[in-house]
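What follows is the content of my_file.cif, which has mmCIF, C-alpha atoms:
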```cif
data_upload
#
loop_
_atom_site.label_atom_id
_atom_site.label_comp_id
_atom_site.auth_asym_id
_atom_site.auth_seq_id
_atom_site.Cartn_x
_atom_site.Cartn_y
_atom_site.Cartn_z
CA MET D 1 20.48 14.73 58.09
CA LYS D 2 18.76 15.11 61.45
CA ASN D 3 17.14 18.36 60.31
CA ILE D 4 15.89 16.70 57.12
CA LEU D 5 14.45 13.83 59.15
CA ASP D 6 12.71 16.30 61.49
CA PHE D 7 11.26 18.07 58.43
CA LEU D 8 9.98 14.78 57.00
CA ILE D 9 8.41 13.84 60.34
CA ASP D 10 6.65 17.22 60.26
CA VAL D 11 5.48 16.58 56.69
CA GLY D 12 4.04 13.21 57.83
CA LYS D 13 1.69 15.09 60.17
CA LEU D 14 -0.33 16.14 57.12
CA LYS D 15 -1.41 12.50 56.69
CA ARG D 16 -3.41 12.91 59.88
CA LYS D 17 -4.54 16.49 59.41
CA TYR D 18 -8.17 16.19 58.33
CA ARG D 19 -9.43 18.95 56.08
CA LYS D 20 -11.63 21.31 58.04
CA GLY D 21 -14.08 22.05 55.23
CA TRP D 22 -15.26 18.44 55.11
CA GLN D 23 -15.36 18.12 58.88
CA VAL D 24 -17.65 21.14 59.00
CA HIS D 25 -19.84 19.34 56.47
CA GLN D 26 -19.80 16.34 58.84
CA ILE D 27 -18.34 14.02 56.24
CA LYS D 28 -17.42 10.65 57.71
CA ASP D 29 -13.77 9.57 57.26
CA SER D 30 -12.99 12.72 55.32
CA GLU D 31 -9.70 13.26 53.54
CA SER D 32 -6.48 14.58 55.06
CA THR D 33 -4.37 17.42 53.69
CA ALA D 34 -1.90 14.80 52.41
CA ASP D 35 -4.73 13.06 50.50
CA HIS D 36 -5.62 16.38 48.84
CA ILE D 37 -1.98 17.09 47.96
CA PHE D 38 -1.58 13.61 46.44
CA ARG D 39 -4.43 13.86 43.95
CA MET D 40 -3.81 17.53 43.26
CA THR D 41 -0.22 16.73 42.23
CA ILE D 42 -1.45 13.98 39.88
CA ILE D 43 -4.00 16.39 38.36
CA ALA D 44 -1.31 19.06 37.94
CA TRP D 45 0.89 16.53 36.17
CA VAL D 46 -1.66 14.96 33.82
CA LEU D 47 -3.46 18.18 32.91
CA GLY D 48 -0.31 20.30 32.89
CA LYS D 49 1.35 18.00 30.37
CA LYS D 50 -0.68 19.54 27.52
CA LYS D 51 0.50 23.03 28.39
CA ARG D 52 3.96 24.36 27.80
CA LEU D 53 4.91 24.57 31.46
CA ASN D 54 7.94 23.75 33.54
CA MET D 55 6.57 20.46 34.87
CA GLU D 56 9.24 19.97 37.53
CA LYS D 57 8.20 23.29 38.98
CA VAL D 58 4.48 22.48 38.67
CA ILE D 59 4.81 19.15 40.47
CA LYS D 60 7.05 20.50 43.23
CA MET D 61 4.72 23.44 43.73
CA ALA D 62 1.69 21.16 44.08
CA LEU D 63 3.61 19.02 46.58
CA ILE D 64 4.60 21.90 48.84
CA HIS D 65 1.58 24.24 48.50
CA ASP D 66 -0.05 23.17 51.77
CA LEU D 67 3.08 22.46 53.87
CA CYS D 68 2.22 25.57 55.87
CA GLU D 69 -0.76 23.68 57.27
CA ILE D 70 1.59 21.67 59.49
CA TYR D 71 1.58 24.73 61.76
CA ALA D 72 -1.17 26.97 60.36
CA PRO D 73 -4.87 26.22 60.73
CA ASP D 74 -6.74 24.95 57.69
CA MET D 75 -9.21 27.74 56.95
CA THR D 76 -12.52 27.63 55.12
CA PRO D 77 -14.45 30.55 53.58
CA TYR D 78 -17.22 29.89 56.14
CA ASP D 79 -15.01 30.39 59.23
CA PRO D 80 -16.30 33.80 60.39
CA LEU D 81 -19.89 32.52 60.17
CA LEU D 82 -19.60 29.14 61.84
CA PRO D 83 -21.54 28.74 65.09
CA GLN D 84 -20.05 27.16 68.22
CA ASN D 85 -22.42 24.22 67.93
CA PRO D 86 -21.22 22.07 65.00
CA LYS D 87 -24.74 20.71 64.50
CA LYS D 88 -25.96 24.20 63.61
CA ALA D 89 -23.21 24.61 61.02
CA MET D 90 -25.16 22.79 58.30
CA LYS D 91 -27.59 25.71 58.17
CA VAL D 92 -24.75 28.14 57.41
CA LEU D 93 -23.46 25.87 54.66
CA LYS D 94 -26.70 26.15 52.68
CA SER D 95 -25.64 29.43 51.10
CA TRP D 96 -22.32 30.71 49.88
CA PRO D 97 -20.58 32.95 52.46
CA LYS D 98 -20.66 36.66 51.57
CA PHE D 99 -18.53 39.33 53.20
CA THR D 100 -17.82 43.02 52.77
CA PRO D 101 -14.80 43.95 50.60
CA ALA D 102 -12.99 45.17 53.75
CA LEU D 103 -13.49 41.86 55.55
CA LYS D 104 -12.44 39.91 52.44
CA LYS D 105 -9.22 41.93 52.34
CA LYS D 106 -8.52 41.41 56.03
CA THR D 107 -9.19 37.66 55.91
CA TYR D 108 -6.97 37.31 52.85
CA ARG D 109 -4.08 39.22 54.43
CA ASP D 110 -4.36 37.42 57.78
CA LYS D 111 -4.38 34.03 56.07
CA TYR D 112 -1.36 34.92 53.97
CA ARG D 113 0.65 36.18 56.97
CA ARG D 114 -0.25 33.21 59.14
CA GLU D 115 0.62 30.69 56.43
CA PHE D 116 3.88 32.37 55.45
CA LYS D 117 4.97 32.43 59.09
CA ALA D 118 4.07 28.73 59.41
CA LEU D 119 5.99 27.84 56.24
CA LYS D 120 9.08 29.61 57.55
CA LYS D 121 8.81 27.53 60.71
CA VAL D 122 8.46 24.28 58.71
CA THR D 123 11.55 25.04 56.61
CA LEU D 124 13.61 26.74 59.32
CA LYS D 125 16.26 24.07 59.77
CA LEU D 126 16.48 22.87 56.18
CA PRO D 127 19.64 23.49 54.14
CA PRO D 128 19.44 27.02 52.70
CA ASP D 129 19.03 25.93 49.06
CA LEU D 130 16.08 23.67 49.86
CA LYS D 131 14.53 26.25 52.16
CA THR D 132 14.82 28.97 49.51
CA GLU D 133 13.38 26.68 46.83
CA ILE D 134 10.33 25.73 48.92
CA ILE D 135 9.64 29.32 49.97
CA ASN D 136 10.02 30.65 46.41
CA LEU D 137 7.69 27.94 45.05
CA TRP D 138 5.11 28.76 47.71
CA LEU D 139 5.31 32.51 46.98
CA ASP D 140 4.86 31.78 43.27
CA PHE D 141 1.78 29.66 44.07
CA GLU D 142 0.26 32.20 46.46
CA LYS D 143 0.88 35.28 44.34
CA GLY D 144 0.64 33.69 40.87
CA LEU D 145 4.04 35.04 39.88
CA THR D 146 4.50 32.75 36.87
CA LYS D 147 2.19 30.78 34.59
CA GLU D 148 3.07 27.67 36.61
CA GLY D 149 1.97 29.39 39.83
CA ARG D 150 -1.29 30.57 38.30
CA PHE D 151 -2.02 27.10 36.89
CA VAL D 152 -1.33 25.22 40.14
CA LYS D 153 -3.45 27.69 42.12
CA GLN D 154 -6.44 26.80 39.95
CA ILE D 155 -5.67 23.06 40.13
CA ASP D 156 -5.94 23.37 43.93
CA LYS D 157 -9.56 24.52 43.50
CA VAL D 158 -10.32 21.88 40.86
CA GLU D 159 -9.22 19.07 43.19
CA ASN D 160 -11.29 20.61 45.96
CA LEU D 161 -14.35 20.65 43.70
CA LEU D 162 -13.81 17.06 42.54
CA GLN D 163 -13.61 15.87 46.15
CA GLY D 164 -16.71 17.89 47.04
CA LEU D 165 -18.68 16.32 44.21
CA GLU D 166 -17.56 12.83 45.23
CA TYR D 167 -18.74 13.48 48.79
CA TRP D 168 -21.99 14.93 47.45
CA LYS D 169 -22.59 11.77 45.45
CA LYS D 170 -21.82 9.58 48.47
CA TYR D 171 -23.36 11.53 51.34
CA GLY D 172 -25.44 14.27 49.73
CA LYS D 173 -24.35 16.83 52.33
CA ILE D 174 -22.69 19.21 49.89
CA GLN D 175 -24.49 22.06 48.14
CA HIS D 176 -23.04 20.95 44.83
CA HIS D 177 -24.71 23.67 42.72
CA LEU D 178 -23.04 26.35 44.88
CA TRP D 179 -19.71 24.66 44.35
CA MET D 180 -20.22 24.55 40.60
CA ARG D 181 -21.12 28.23 40.65
CA TRP D 182 -18.03 29.05 42.72
CA ILE D 183 -15.65 27.21 40.39
CA LYS D 184 -17.00 29.13 37.38
CA GLU D 185 -16.05 32.38 39.07
CA ILE D 186 -12.55 31.14 39.86
CA VAL D 187 -11.13 29.09 37.00
CA ASP D 188 -10.17 30.77 33.73
CA ASP D 189 -7.56 28.42 32.32
CA PRO D 190 -8.91 27.00 29.01
CA PHE D 191 -7.57 23.47 29.67
CA LEU D 192 -9.11 23.39 33.11
CA LEU D 193 -12.40 24.78 31.86
CA GLU D 194 -12.54 21.94 29.35
CA PHE D 195 -11.83 19.46 32.14
CA LEU D 196 -14.52 21.05 34.31
CA LYS D 197 -17.10 20.50 31.57
CA THR D 198 -16.30 16.79 31.73
CA VAL D 199 -16.52 16.82 35.54
CA GLU D 200 -19.87 18.60 35.42
CA ASN D 201 -21.26 16.23 32.82
CA LYS D 202 -20.23 13.21 34.86
CA PHE D 203 -21.51 14.37 38.22
CA CYS D 204 -24.33 16.76 37.45
CA ARG D 205 -26.16 15.44 34.42
CA ARG D 206 -29.18 14.61 36.51
CA CYS D 207 -29.08 18.11 38.04
CA LYS D 208 -30.46 19.44 34.75
CA HIS D 209 -33.98 18.88 36.00
CA GLN D 210 -33.29 20.13 39.50
CA LYS D 211 -32.55 23.72 38.59
CA LYS D 212 -34.55 25.94 36.33
CA MET X 213 9.13 30.83 24.22
CA PRO X 214 6.95 32.94 26.48
CA GLU X 215 3.29 33.02 25.50
CA GLU X 216 2.19 35.91 23.27
CA LYS X 217 -1.05 36.85 24.89
CA LYS X 218 -2.65 40.21 25.69
CA PHE X 219 -2.65 40.99 29.39
CA TYR X 220 -5.44 43.35 30.42
CA LEU X 221 -4.38 45.42 33.41
CA THR X 222 -5.83 48.24 35.44
CA LYS X 223 -3.71 51.38 35.63
CA GLU X 224 -2.91 50.53 39.24
CA GLY X 225 -1.96 46.96 38.31
CA LEU X 226 0.25 48.08 35.43
CA GLU X 227 2.05 50.63 37.62
CA ARG X 228 2.62 47.99 40.29
CA LEU X 229 4.16 45.56 37.79
CA LYS X 230 6.38 48.28 36.28
CA LYS X 231 7.59 49.17 39.76
CA GLU X 232 8.23 45.51 40.59
CA TYR X 233 10.19 45.11 37.36
CA ARG X 234 12.41 48.13 38.13
CA GLU X 235 13.03 46.94 41.68
CA LEU X 236 13.82 43.37 40.67
CA LYS X 237 16.28 44.58 38.04
CA GLN X 238 18.05 46.64 40.67
CA LEU X 239 18.01 43.71 43.07
CA LYS X 240 19.49 41.41 40.44
CA LEU X 241 22.21 43.93 39.73
CA ALA X 242 23.01 44.29 43.42
CA LYS X 243 23.05 40.53 43.89
CA THR X 244 25.35 39.80 40.96
CA LYS X 245 27.63 42.79 41.64
CA GLY X 246 28.33 41.83 45.22
CA GLU X 247 30.45 38.92 46.34
CA SER X 248 28.60 35.66 45.76
CA PRO X 249 29.09 32.63 47.99
CA LYS X 250 31.79 30.19 46.83
CA ILE X 251 30.51 27.23 44.84
CA LEU X 252 32.47 24.73 46.90
CA HIS X 253 32.57 24.47 50.65
CA SER X 254 35.55 22.19 51.34
CA GLU X 255 34.76 19.34 48.90
CA ASP X 256 30.97 19.65 49.02
CA LEU X 257 28.73 22.01 47.10
CA ASN X 258 28.14 25.04 49.27
CA PRO X 259 24.42 25.20 50.26
CA GLU X 260 24.74 28.99 50.57
CA TYR X 261 25.85 29.12 46.94
CA LEU X 262 22.94 26.89 45.89
CA ALA X 263 20.49 29.08 47.81
CA PHE X 264 21.99 32.15 46.16
CA GLN X 265 21.63 30.48 42.76
CA GLU X 266 18.08 29.38 43.57
CA ASP X 267 17.13 32.95 44.46
CA LEU X 268 18.79 34.26 41.33
CA ASN X 269 16.87 31.76 39.16
CA PHE X 270 13.62 32.78 40.86
CA LEU X 271 14.43 36.43 40.24
CA GLU X 272 15.35 35.70 36.64
CA SER X 273 12.14 33.77 35.88
CA ARG X 274 10.01 36.54 37.40
CA LEU X 275 11.87 39.14 35.34
CA ILE X 276 11.24 37.16 32.14
CA GLU X 277 7.57 36.84 33.11
CA LEU X 278 7.31 40.58 33.79
CA GLU X 279 9.03 41.48 30.52
CA ASN X 280 6.52 39.36 28.62
CA ILE X 281 3.58 40.86 30.52
CA LEU X 282 4.73 44.46 30.07
CA LYS X 283 5.38 43.86 26.38
CA ASN X 284 1.86 42.56 25.85
CA ALA X 285 0.04 44.72 28.40
CA GLU X 286 -3.22 46.39 27.44
CA LEU X 287 -4.50 49.08 29.76
CA ILE X 288 -8.11 48.81 30.90
CA LYS X 289 -9.54 52.23 30.14
CA PRO X 290 -12.66 53.74 31.67
CA PRO X 291 -15.60 53.53 29.25
CA SER X 292 -17.02 56.56 27.49
CA LYS X 293 -20.05 58.20 29.14
CA ASP X 294 -22.59 56.40 26.94
CA LYS X 295 -21.07 52.99 27.72
CA LYS X 296 -20.93 53.28 31.51
CA ASN X 297 -24.15 51.28 31.78
CA ILE X 298 -22.58 48.26 30.05
CA ILE X 299 -20.43 45.67 31.80
CA ASN X 300 -16.90 45.72 30.51
CA LEU X 301 -13.43 45.14 31.94
CA GLY X 302 -12.93 47.26 35.04
CA ALA X 303 -16.62 47.30 35.98
CA THR X 304 -17.73 46.58 39.52
CA VAL X 305 -21.01 44.75 39.29
CA LEU X 306 -23.65 44.08 41.92
CA VAL X 307 -25.60 40.94 41.09
CA ARG X 308 -28.36 38.84 42.63
CA VAL X 309 -27.60 35.13 42.44
CA ASP X 310 -29.23 32.17 44.22
CA GLY X 311 -31.11 34.61 46.46
CA GLN X 312 -27.99 36.47 47.57
CA ASN X 313 -26.37 39.73 46.56
CA ASP X 314 -22.79 39.55 45.39
CA GLU X 315 -20.30 42.05 44.04
CA PHE X 316 -17.50 41.43 41.54
CA THR X 317 -14.95 43.54 39.79
CA LEU X 318 -14.10 42.25 36.32
CA VAL X 319 -10.37 42.25 35.69
CA GLY X 320 -7.87 40.53 33.42
CA SER X 321 -6.56 37.09 34.31
CA LEU X 322 -3.40 38.43 35.99
CA GLU X 323 -5.22 40.60 38.51
CA ALA X 324 -8.00 38.12 39.25
CA ASN X 325 -8.31 37.23 42.91
CA PRO X 326 -11.74 35.74 43.66
CA SER X 327 -11.01 35.87 47.42
CA LEU X 328 -11.02 39.65 47.04
CA GLY X 329 -14.00 39.74 44.67
CA LYS X 330 -11.89 40.29 41.53
CA ILE X 331 -12.89 37.82 38.85
CA SER X 332 -11.24 37.13 35.53
CA ASN X 333 -12.87 38.19 32.27
CA GLU X 334 -11.86 34.74 30.98
CA SER X 335 -13.76 32.81 33.68
CA PRO X 336 -17.18 31.48 32.62
CA VAL X 337 -18.99 33.96 34.89
CA GLY X 338 -16.79 36.91 33.89
CA LYS X 339 -17.19 36.09 30.23
CA ALA X 340 -20.98 35.73 30.52
CA LEU X 341 -21.41 39.07 32.31
CA LEU X 342 -19.52 41.11 29.70
CA GLY X 343 -21.73 43.32 27.56
CA HIS X 344 -24.78 43.18 29.85
CA ARG X 345 -26.71 46.05 31.45
CA VAL X 346 -28.64 46.69 34.66
CA GLY X 347 -31.79 44.55 34.70
CA ASP X 348 -30.36 41.82 32.47
CA GLU X 349 -30.54 38.22 33.61
CA VAL X 350 -27.35 36.45 32.69
CA LEU X 351 -27.44 32.70 32.39
CA VAL X 352 -24.35 30.61 33.07
CA SER X 353 -25.30 27.10 32.16
CA SER X 354 -24.59 23.48 31.14
CA PRO X 355 -25.70 21.43 32.83
CA ILE X 356 -26.20 23.39 36.07
CA ARG X 357 -27.91 26.66 35.26
CA THR X 358 -27.25 29.73 37.36
CA THR X 359 -28.80 33.12 36.72
CA TYR X 360 -27.07 36.36 37.66
CA LYS X 361 -29.39 39.35 37.75
CA VAL X 362 -27.45 42.57 37.17
CA LYS X 363 -28.48 45.18 39.76
CA LYS X 364 -25.81 47.85 39.55
CA ILE X 365 -22.75 48.68 37.41
CA LYS X 366 -20.08 51.15 38.43
CA TYR X 367 -16.60 52.01 37.26
CA LYS X 368 -14.02 52.92 39.89
CA ILE X 369 -11.14 53.07 37.41
CA VAL X 370 -9.82 56.41 36.21
#
```
In structure tokens, what does this structure look like?
Amino acid sequence: MKNILDFLIDVGKLKRKYRKGWQVHQIKDSESTADHIFRMTIIAWVLGKKKRLNMEKVIKMALIHDLCEIYAPDMTPYDPLLPQNPKKAMKVLKSWPKFTPALKKKTYRDKYRREFKALKKVTLKLPPDLKTEIINLWLDFEKGLTKEGRFVKQIDKVENLLQGLEYWKKYGKIQHHLWMRWIKEIVDDPFLLEFLKTVENKFCRRCKHQKK
Amino acid sequence: MPEEKKFYLTKEGLERLKKEYRELKQLKLAKTKGESPKILHSEDLNPEYLAFQEDLNFLESRLIELENILKNAELIKPPSKDKKNIINLGATVLVRVDGQNDEFTLVGSLEANPSLGKISNESPVGKALLGHRVGDEVLVSSPIRTTYKVKKIKYKIV
């Protein structure tokens, strides 16, 4: 039981781990990783219900997908471009970060290795069945091994977008049109695309006149 | 019932999945042939047994997934010479969007990995780009409108 308690104390750290992407955007009182996990799990449940998926797996996967962040840094796509001075960061955020295919590959591999190592550390002292289950769920999520894994991976981005649009509405610091562009390159699940239309209509109706 | 859907795969992707399937089958055989942990450890359920079972279930669900994919796989073939200037599955496309250049490779849903520049043909952007040529301006809209200007199309697949 002591090892389980230690694990749960570790998990609690995510309540105070503030998501780097929003901090870079200088969002006041921005969300923690635990906040993101909470709503993402609810989204996975309510939107996943219409699909023929193993919902226990979907919900567990959403719950554990960011556990690695207890020990691994939260990374943003802008990281290699961010200047030392946080005040100058806003300039970088005005366009979507672009990298060479080689750098994309390297960043992707490094992130995967770092996060997998961190997850192994988080689960190290758990009973073997629980440890195996968490690691297998995470691998499924990361690599999209099953339809549940591929669905939850896209839900992660949808929650991220929803939060971004809420911050945009409140603080205006987010380049919302870049985010909407990004999500249309990422999501291909028909249920989620339908949901995204509703999101876009709610948040961006007045954007119609802003862009040609 | 696993979904009956066509899975478009590059030759490389298809080979990789076939290899994974063969290896996982061998692994499953090795795992079930060998001595498995006892279900009970004194009076309690043996966590080693549960972990073994958990791994086996994971292996099994991936094997079912792979069987379904391989059964419904459709190979992405290189286009004929006269169609190389049209965006289709397997094309690597250089576009100009929001004042920036960007490059995508259009793949099927299973191989999509936007972090690596591989986008799904079922995503709104992937779908909109299909069938276009160099010089075309492709509009992805409602209500935010984004225009992708096609600058170059190439096929790396063989």
Report summary line: Among D:Met40, D:Leu161, D:Leu126, D:Leu81, D:Phe7 is approached most closely, using all atoms listed in the file, by D:Leu126
Query raised in the report: Quick one: residues within 9 Å of stretch 89-95 of chain D, only C-alpha atoms counted, chain neighbours fewer than 3 positions away excluded, as an MDAnalysis selection string?
Result: (chainID D and resid 24:26 78 81:86 98 173:175 178) or (chainID X and resid 310:312)
Export C-alpha atoms of the chosen residues as a compact mmCIF listing (two decimals), in the frame of the given file?
```
# COMPACT_ATOMS: atom_id res chain seq x y z
CA VAL D 24 -17.65 21.14 59.00
CA HIS D 25 -19.84 19.34 56.47
CA GLN D 26 -19.80 16.34 58.84
CA TYR D 78 -17.22 29.89 56.14
CA LEU D 81 -19.89 32.52 60.17
CA LEU D 82 -19.60 29.14 61.84
CA PRO D 83 -21.54 28.74 65.09
CA GLN D 84 -20.05 27.16 68.22
CA ASN D 85 -22.42 24.22 67.93
CA PRO D 86 -21.22 22.07 65.00
CA LYS D 98 -20.66 36.66 51.57
CA LYS D 173 -24.35 16.83 52.33
CA ILE D 174 -22.69 19.21 49.89
CA GLN D 175 -24.49 22.06 48.14
CA LEU D 178 -23.04 26.35 44.88
CA ASP X 310 -29.23 32.17 44.22
CA GLY X 311 -31.11 34.61 46.46
CA GLN X 312 -27.99 36.47 47.57
```
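When the PyMOL selection byres ((chain X) within 7 of (chain D)) is evaluated on the file shown here, the picked residues come out as X:Pro259, X:Glu260, X:Leu262, X:Ala263, X:Glu266, X:Asp267, X:Phe270, X:Arg274, X:Glu277, X:Pro326, X:Ser327, X:Leu328, X:Ile331, X:Ser332, X:Glu334, X:Ser335, X:Pro336, X:Val337, X:Gly338, X:Pro355, X:Ile356, X:Arg357.
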Query raised in the report: Which polymer residues have any atom within 10 Å of an atom of X:Lys295, counting all atoms listed in the file, with same-chain residues fewer than 5 positions away left out, as a PyMOL selection string?
Result: chain X and resi 290+300+343+345
Query raised in the report: At what distance in Å, to one decimal, does atom CA of D:Met55 lie from atom CA of D:Thr76?
Result: 28.7 Å
Report task. Find the residues near D:Asp156: any atom within 12 Å, counting only C-alpha atoms, skip ones fewer than 3 places away on the same chain, and give them as number ranges by chain. Result -> D: 33, 36-44, 58, 61-66, 141-142, 149-153, 159-163, 183, 186-187, 192
Query raised in the report: Between D:Arg16, D:Lys57, D:Lys28, D:Lys121, which has the minimum distance to D:Tyr167 (counting all atoms listed in the file)?
Result: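 Ranked by minimum distance to D:Tyr167, first place goes to D:Lys28.
Straight-line separation from atom CA of X:Val346 to atom CA of X:Val362: 5.0 Å.
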Query raised in the report: What gap, in Å, lies between atom CA of X:Val352 and atom CA of X:Val309?
Result: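 Spanning atom CA of X:Val352 to atom CA of X:Val309 is a straight-line distance of 10.9 Å.
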Report task. Compare X:Thr244, X:Gln265, X:Thr317, X:Thr222 by their minimum atom-to-atom distance to X:Lys366, counting only C-alpha atoms, and give me the closest one. Result -> X:Thr317
Requested in this report: Name all residues at most 9 Å from X:Asn333 (count all atoms listed in the file; drop same-chain ones fewer than 5 positions away) and give them as a list in words.
Outcome: Asp188 of chain D; Asn300, Leu301, Leu318, Val319, Gly320, Ser321, Ala324, Gly338, Lys339, Ala340, Leu341 and Leu342 of chain X
Query raised in the report: What residues come out when you apply the PyMOL selection byres ((chain X and resi 236) around 12) to this file, written as JSON, numbers by chain?
Result: {"X": [229, 230, 231, 232, 233, 234, 235, 237, 238, 239, 240, 241, 242, 243, 267, 268, 270, 271, 272, 273, 274, 275, 276, 277, 278, 279]}
Answer key for the PyMOL selection byres ((chain X and resi 221) around 7), residues as a CSV table (one decimal) with C-alpha atoms, keeping the file's coordinate frame:
```csv
chain,number,residue,atom,x,y,z
X,219,PHE,CA,-2.6,41.0,29.4
X,220,TYR,CA,-5.4,43.4,30.4
X,222,THR,CA,-5.8,48.2,35.4
X,223,LYS,CA,-3.7,51.4,35.6
X,225,GLY,CA,-2.0,47.0,38.3
X,226,LEU,CA,0.2,48.1,35.4
X,285,ALA,CA,0.0,44.7,28.4
X,286,GLU,CA,-3.2,46.4,27.4
X,287,LEU,CA,-4.5,49.1,29.8
X,288,ILE,CA,-8.1,48.8,30.9
X,320,GLY,CA,-7.9,40.5,33.4
```
**Report entry** Using all atoms listed in the file: which of X:Leu306, X:Asn313, X:Glu323, X:Gly347 has the shortest distance to X:Tyr367
**Finding:** X:Leu306
Query raised in the report: Pick from D:Leu165, D:Cys68, D:Leu14, D:Ile9: nearest to D:Lys120, with only C-alpha atoms counted?
Result: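 When distances to D:Lys120 are compared using only C-alpha atoms, the smallest one comes from D:Cys68.
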